[in-house]
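Notes for the one structure printed next.
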Amino acid sequence: MAEALQNPVAISDSGEAVLAREAVHSERRAHSATEAESVYEVERTAKLISDGGYKRVALQFPDELLADSTLVSDQLRQRVSAQIFVLADTSYGSCCVDEVAALHYDADLVVHYGRTCLSLTSRLPVVYVFCCEPVDSEHVAECAKREDLGESRLLLVADVPYVHALDAIADRLRPCVAEMVVSRVSAQDGVYVPGADTEGVKLGRTWELDHPVGDYTLLYIGDESPTLTNLLVTKRFGAAYSYSPSQRTLRAESGKANRHLSRRYYMVQRARDANIVGIVVGTLAAARYLRVVEALKQLLRQAERKFYVFVVGKLNVAKLANFAEIEAYVLVACPENSLVDSKEFFQPVVTPYEMLLALSRSREWSGDYIIDFHSFLEESELDQDFGGDDDEPHFSLVTGKLQKTRRYVAQQDESSGGDVTVRCKTEIAQYMGSAAAEHLLARSFRGLGHDDDSHEVEPMLAVEGLSGIASKYSHETGESKCGEKK
């Protein structure tokens, strides 16, 4: 919970916070052409560019790898005839392919470097370079053997910088377990082209299981990340472990999923109590995001909730705090950025599936969780029970009281023939169904000349105000009220 403010909030400040803010540290990982080839796969990338006949190629680097962008781009220019340019400061998360920025420069291919959410693109082909990081496969096997996984069916999954080591780890563990399944990254080797077959792809990965997922134990190779969290909440594994290559430790993750789901269930209940919802567009690259936005609009209309659509770029507390009338936000973003820990936000930030659960009258929380757009669209088409009786309250698990939902329905008066007569501003706001207007009218201060409804404010001409600075305006003579010199 946010702490109460002890002092008045400053409208502006001196800017010291900006000057003291630490920038993202960008460390060089390649100091020569040989190192650039091993880390950034320059030769493979150049071959894919040449074979595809691409003419304008955008290289997208995250902030932490930007120091190597000039070296990599120079190496590619020596190998291909295509025009190469570098993208930085992405519009949203660096894990997503920034198709918007690339299209501004008329690119026909994007090369994405570093960690990625592996979200499907909708307009441009993509080459993924994961910038492989080292992992001790022998130490991973030793740690796993200590957990006595001999009778387990093991599913091996890795974060993208460590997918290169999956086969080596699997070879060491296969004799020690009952069954070994190795996941594969769908867009690892070649060029991903929008519209390609994505059947069976889960979080950008594929695997085939001969038994229910609850019979398998997950072994995740990588540090704590949104990818691991998404796997834990969307799949009900019998057990789960993660190995951190940087810390060289193996830990159990089973309890983490339960705690996270409990937190998300609380968010669903808060979203259920919300009458005014903000749809926040958190990506412009992931395929089907526009269909998800339209599906959310349709759900909210059927549930007779008021909604607004926001495009705010990278999400932060200050941006969403500007809209005081919004009671809950639903974030349309890639899987890596969808699960927002909204402890610092003034209002809950939920996923599209969580909003579906909150609005549906027939669907109950079962622990099943959906994070990808395709599954959400299928579920939203199956469930159409979002309406309700205007006079029927619901029991809020947040407040512990019966709560009546405010219905925002477009009102029409056929007898008026289109001419509407209203008596006060409150009736105008209610007739128009404007949640923002109602919120403004409920405030004690609504602006100069509008805080007193007892009389109409006469219009007047604008006049020139004071000029100068507060310590001495231009009209002051330099003498105090007592007649003494300042």
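Numbering starts fresh at 1 for the residues of each chain in the structure tokens, the chains themselves are lettered A, B, ... in the order given, and ligands are numbered from 1 as they appear.
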Run DSSP on the backbone and tell me which residues of segment 49-79 of chain A come out as strand (DSSP E or B); list them as a PDB file with N, CA and C atoms, in the first residue's frame.
ATOM      1  N   ARG A  56      16.507  -2.962 -46.775  1.00  0.00           N
ATOM      2  CA  ARG A  56      16.600  -2.023 -45.648  1.00  0.00           C
ATOM      3  C   ARG A  56      16.358  -2.815 -44.363  1.00  0.00           C
ATOM      4  N   VAL A  57      17.392  -2.889 -43.532  1.00  0.00           N
ATOM      5  CA  VAL A  57      17.370  -3.754 -42.349  1.00  0.00           C
ATOM      6  C   VAL A  57      17.537  -2.907 -41.099  1.00  0.00           C
ATOM      7  N   ALA A  58      16.634  -3.093 -40.143  1.00  0.00           N
ATOM      8  CA  ALA A  58      16.699  -2.388 -38.859  1.00  0.00           C
ATOM      9  C   ALA A  58      17.260  -3.325 -37.794  1.00  0.00           C
ATOM     10  N   LEU A  59      18.277  -2.867 -37.081  1.00  0.00           N
ATOM     11  CA  LEU A  59      18.864  -3.627 -35.981  1.00  0.00           C
ATOM     12  C   LEU A  59      18.321  -3.062 -34.669  1.00  0.00           C
ATOM     13  N   GLN A  60      17.607  -3.868 -33.923  1.00  0.00           N
ATOM     14  CA  GLN A  60      17.002  -3.411 -32.664  1.00  0.00           C
ATOM     15  C   GLN A  60      17.806  -3.960 -31.488  1.00  0.00           C
TER      16      GLN A  60
END
Quick one: residues within 8 Å of segment 188-194 of chain A, only C-alpha atoms, excluding same-chain residues fewer than 5 positions away - as a PDB file with N, CA and C atoms, in the first residue's frame?
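Generated file (result_6.pdb):
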ATOM      1  N   LEU A  48      21.224 -14.709 -43.813  1.00  0.00           N
ATOM      2  CA  LEU A  48      19.767 -14.619 -43.883  1.00  0.00           C
ATOM      3  C   LEU A  48      19.330 -13.356 -44.625  1.00  0.00           C
ATOM      4  N   LEU A 120       4.376 -12.837 -31.659  1.00  0.00           N
ATOM      5  CA  LEU A 120       4.225 -12.877 -33.114  1.00  0.00           C
ATOM      6  C   LEU A 120       4.107 -11.465 -33.659  1.00  0.00           C
ATOM      7  N   THR A 121       4.812 -11.186 -34.738  1.00  0.00           N
ATOM      8  CA  THR A 121       4.689  -9.890 -35.397  1.00  0.00           C
ATOM      9  C   THR A 121       3.591  -9.959 -36.452  1.00  0.00           C
ATOM     10  N   SER A 122       3.107  -8.781 -36.844  1.00  0.00           N
ATOM     11  CA  SER A 122       1.974  -8.746 -37.767  1.00  0.00           C
ATOM     12  C   SER A 122       2.319  -8.162 -39.129  1.00  0.00           C
ATOM     13  N   ARG A 123       3.466  -7.466 -39.263  1.00  0.00           N
ATOM     14  CA  ARG A 123       3.744  -6.783 -40.520  1.00  0.00           C
ATOM     15  C   ARG A 123       5.132  -7.061 -41.087  1.00  0.00           C
ATOM     16  N   LEU A 124       6.151  -7.188 -40.253  1.00  0.00           N
ATOM     17  CA  LEU A 124       7.519  -7.305 -40.744  1.00  0.00           C
ATOM     18  C   LEU A 124       8.128  -8.654 -40.364  1.00  0.00           C
ATOM     19  N   PRO A 125       8.939  -9.238 -41.259  1.00  0.00           N
ATOM     20  CA  PRO A 125       9.697 -10.442 -40.881  1.00  0.00           C
ATOM     21  C   PRO A 125      10.796 -10.094 -39.884  1.00  0.00           C
ATOM     22  N   VAL A 126      11.169 -11.079 -39.057  1.00  0.00           N
ATOM     23  CA  VAL A 126      12.104 -10.841 -37.954  1.00  0.00           C
ATOM     24  C   VAL A 126      13.146 -11.950 -37.908  1.00  0.00           C
ATOM     25  N   VAL A 127      14.386 -11.546 -37.613  1.00  0.00           N
ATOM     26  CA  VAL A 127      15.457 -12.479 -37.281  1.00  0.00           C
ATOM     27  C   VAL A 127      15.814 -12.253 -35.814  1.00  0.00           C
ATOM     28  N   TYR A 128      15.773 -13.317 -35.022  1.00  0.00           N
ATOM     29  CA  TYR A 128      16.089 -13.216 -33.598  1.00  0.00           C
ATOM     30  C   TYR A 128      17.526 -13.671 -33.351  1.00  0.00           C
ATOM     31  N   VAL A 129      18.280 -12.831 -32.654  1.00  0.00           N
ATOM     32  CA  VAL A 129      19.625 -13.172 -32.203  1.00  0.00           C
ATOM     33  C   VAL A 129      19.607 -13.089 -30.683  1.00  0.00           C
TER      34      VAL A 129
END
> What lies within 9 Å of Gly278 of chain A using only C-alpha atoms, ignoring chain neighbours under 4 positions off, as JSON, numbers by chain?
Replying inline: {"A": [306, 307, 308, 309, 310, 326, 327, 328, 329, 330, 331]}
How would the residues just picked look written out with N, CA and C atoms as a PDB file, in the first residue's frame?
ATOM      1  N   LYS A 306     -18.466   1.674 -18.500  1.00  0.00           N
ATOM      2  CA  LYS A 306     -17.852   2.765 -19.247  1.00  0.00           C
ATOM      3  C   LYS A 306     -16.382   2.457 -19.453  1.00  0.00           C
ATOM      4  N   PHE A 307     -15.858   2.741 -20.656  1.00  0.00           N
ATOM      5  CA  PHE A 307     -14.444   2.455 -20.902  1.00  0.00           C
ATOM      6  C   PHE A 307     -13.822   3.566 -21.735  1.00  0.00           C
ATOM      7  N   TYR A 308     -12.526   3.728 -21.550  1.00  0.00           N
ATOM      8  CA  TYR A 308     -11.706   4.645 -22.333  1.00  0.00           C
ATOM      9  C   TYR A 308     -10.478   3.872 -22.813  1.00  0.00           C
ATOM     10  N   VAL A 309      -9.973   4.243 -23.974  1.00  0.00           N
ATOM     11  CA  VAL A 309      -8.786   3.594 -24.544  1.00  0.00           C
ATOM     12  C   VAL A 309      -7.613   4.562 -24.451  1.00  0.00           C
ATOM     13  N   PHE A 310      -6.481   4.073 -23.928  1.00  0.00           N
ATOM     14  CA  PHE A 310      -5.288   4.893 -23.743  1.00  0.00           C
ATOM     15  C   PHE A 310      -4.104   4.260 -24.472  1.00  0.00           C
ATOM     16  N   ILE A 326     -10.778   6.699 -13.532  1.00  0.00           N
ATOM     17  CA  ILE A 326     -10.660   5.294 -13.915  1.00  0.00           C
ATOM     18  C   ILE A 326     -10.539   4.441 -12.653  1.00  0.00           C
ATOM     19  N   GLU A 327     -11.312   3.364 -12.583  1.00  0.00           N
ATOM     20  CA  GLU A 327     -11.319   2.506 -11.400  1.00  0.00           C
ATOM     21  C   GLU A 327     -10.530   1.216 -11.599  1.00  0.00           C
ATOM     22  N   ALA A 328     -10.236   0.861 -12.827  1.00  0.00           N
ATOM     23  CA  ALA A 328      -9.415  -0.323 -13.118  1.00  0.00           C
ATOM     24  C   ALA A 328      -8.890  -0.203 -14.541  1.00  0.00           C
ATOM     25  N   TYR A 329      -7.705  -0.727 -14.757  1.00  0.00           N
ATOM     26  CA  TYR A 329      -7.097  -0.725 -16.085  1.00  0.00           C
ATOM     27  C   TYR A 329      -6.922  -2.170 -16.556  1.00  0.00           C
ATOM     28  N   VAL A 330      -7.085  -2.374 -17.853  1.00  0.00           N
ATOM     29  CA  VAL A 330      -6.773  -3.661 -18.461  1.00  0.00           C
ATOM     30  C   VAL A 330      -5.687  -3.413 -19.498  1.00  0.00           C
ATOM     31  N   LEU A 331      -4.574  -4.110 -19.361  1.00  0.00           N
ATOM     32  CA  LEU A 331      -3.384  -3.875 -20.174  1.00  0.00           C
ATOM     33  C   LEU A 331      -3.313  -4.891 -21.305  1.00  0.00           C
TER      34      LEU A 331
END
>> Need to verify the contact set: Trp365 of chain A, 10 Å, only C-alpha atoms, exclusion of same-chain residues closer than 5 positions in sequence. Can you return it as a list of chain:residue names?
In response: A:Tyr265, A:Val268, A:Glu354, A:Leu357, A:Ala358
Atoms to include: C-alpha atoms. Write the selected residues as a PDB file, in the first residue's frame.
ATOM      1  CA  TYR A 265      -7.379 -13.336  -7.913  1.00  0.00           C
ATOM      2  CA  VAL A 268      -9.891  -9.844 -10.538  1.00  0.00           C
ATOM      3  CA  GLU A 354      -8.700 -11.346 -15.848  1.00  0.00           C
ATOM      4  CA  LEU A 357     -13.320 -13.353 -15.494  1.00  0.00           C
ATOM      5  CA  ALA A 358     -14.405 -10.173 -13.727  1.00  0.00           C
TER       6      ALA A 358
END
>> Would you pick out the contacts of Ser183 of chain A at 7 Å or less, using only C-alpha atoms, so that residues sharing its chain but fewer than 2 positions from it are not included, and give the list as a list in words?
In response: Leu156, Val157, Val181, Val185, Arg205, Thr206 and Trp207 of chain A
Please produce an output containing C-alpha atoms for each residue in the selection, written as a PDB file, in the first residue's frame.
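Now in part13.pdb:
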ATOM      1  CA  LEU A 156      13.351 -28.845 -19.976  1.00  0.00           C
ATOM      2  CA  VAL A 157      12.739 -25.161 -20.827  1.00  0.00           C
ATOM      3  CA  VAL A 181      11.101 -33.631 -23.115  1.00  0.00           C
ATOM      4  CA  VAL A 185      12.067 -22.039 -29.604  1.00  0.00           C
ATOM      5  CA  ARG A 205       8.100 -22.441 -27.606  1.00  0.00           C
ATOM      6  CA  THR A 206       6.919 -25.875 -28.682  1.00  0.00           C
ATOM      7  CA  TRP A 207       6.950 -29.242 -26.923  1.00  0.00           C
TER       8      TRP A 207
END
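Non-sequential neighbours of Ala178 of chain A (distance at most 10 Å, separation of 3 or more positions within a chain, only C-alpha atoms) are A:Leu149, A:Gly150, A:Glu151, A:Ser152, A:Arg153, A:Leu154, A:Leu173, A:Arg174, A:Pro175.
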For those residues, write N, CA, C and O atoms to a file as a short mmCIF file (atom, residue, chain, number, x, y, z; two decimals), in the first residue's frame.
data_model
loop_
_atom_site.label_atom_id
_atom_site.label_comp_id
_atom_site.auth_asym_id
_atom_site.auth_seq_id
_atom_site.Cartn_x
_atom_site.Cartn_y
_atom_site.Cartn_z
N LEU A 149 15.27 -36.79 -8.97
CA LEU A 149 14.28 -36.73 -10.04
C LEU A 149 14.25 -38.01 -10.86
O LEU A 149 13.81 -38.01 -12.00
N GLY A 150 14.70 -39.11 -10.28
CA GLY A 150 14.85 -40.35 -11.04
C GLY A 150 13.56 -40.88 -11.62
O GLY A 150 13.54 -41.44 -12.72
N GLU A 151 12.43 -40.74 -10.92
CA GLU A 151 11.14 -41.24 -11.40
C GLU A 151 10.33 -40.16 -12.11
O GLU A 151 9.15 -40.38 -12.42
N SER A 152 10.91 -39.01 -12.34
CA SER A 152 10.15 -37.88 -12.88
C SER A 152 10.15 -37.88 -14.40
O SER A 152 11.09 -38.36 -15.05
N ARG A 153 9.08 -37.33 -14.93
CA ARG A 153 9.03 -36.96 -16.34
C ARG A 153 9.42 -35.49 -16.41
O ARG A 153 8.71 -34.64 -15.90
N LEU A 154 10.53 -35.20 -17.05
CA LEU A 154 11.13 -33.87 -16.98
C LEU A 154 10.88 -33.09 -18.27
O LEU A 154 11.11 -33.60 -19.37
N LEU A 173 21.11 -35.44 -18.42
CA LEU A 173 20.03 -35.79 -17.51
C LEU A 173 19.18 -36.96 -18.01
O LEU A 173 18.48 -37.60 -17.21
N ARG A 174 19.21 -37.26 -19.29
CA ARG A 174 18.31 -38.27 -19.86
C ARG A 174 18.47 -39.64 -19.18
O ARG A 174 17.45 -40.31 -18.90
N PRO A 175 19.68 -40.12 -18.87
CA PRO A 175 19.78 -41.42 -18.20
C PRO A 175 19.26 -41.42 -16.76
O PRO A 175 19.06 -42.50 -16.18
#
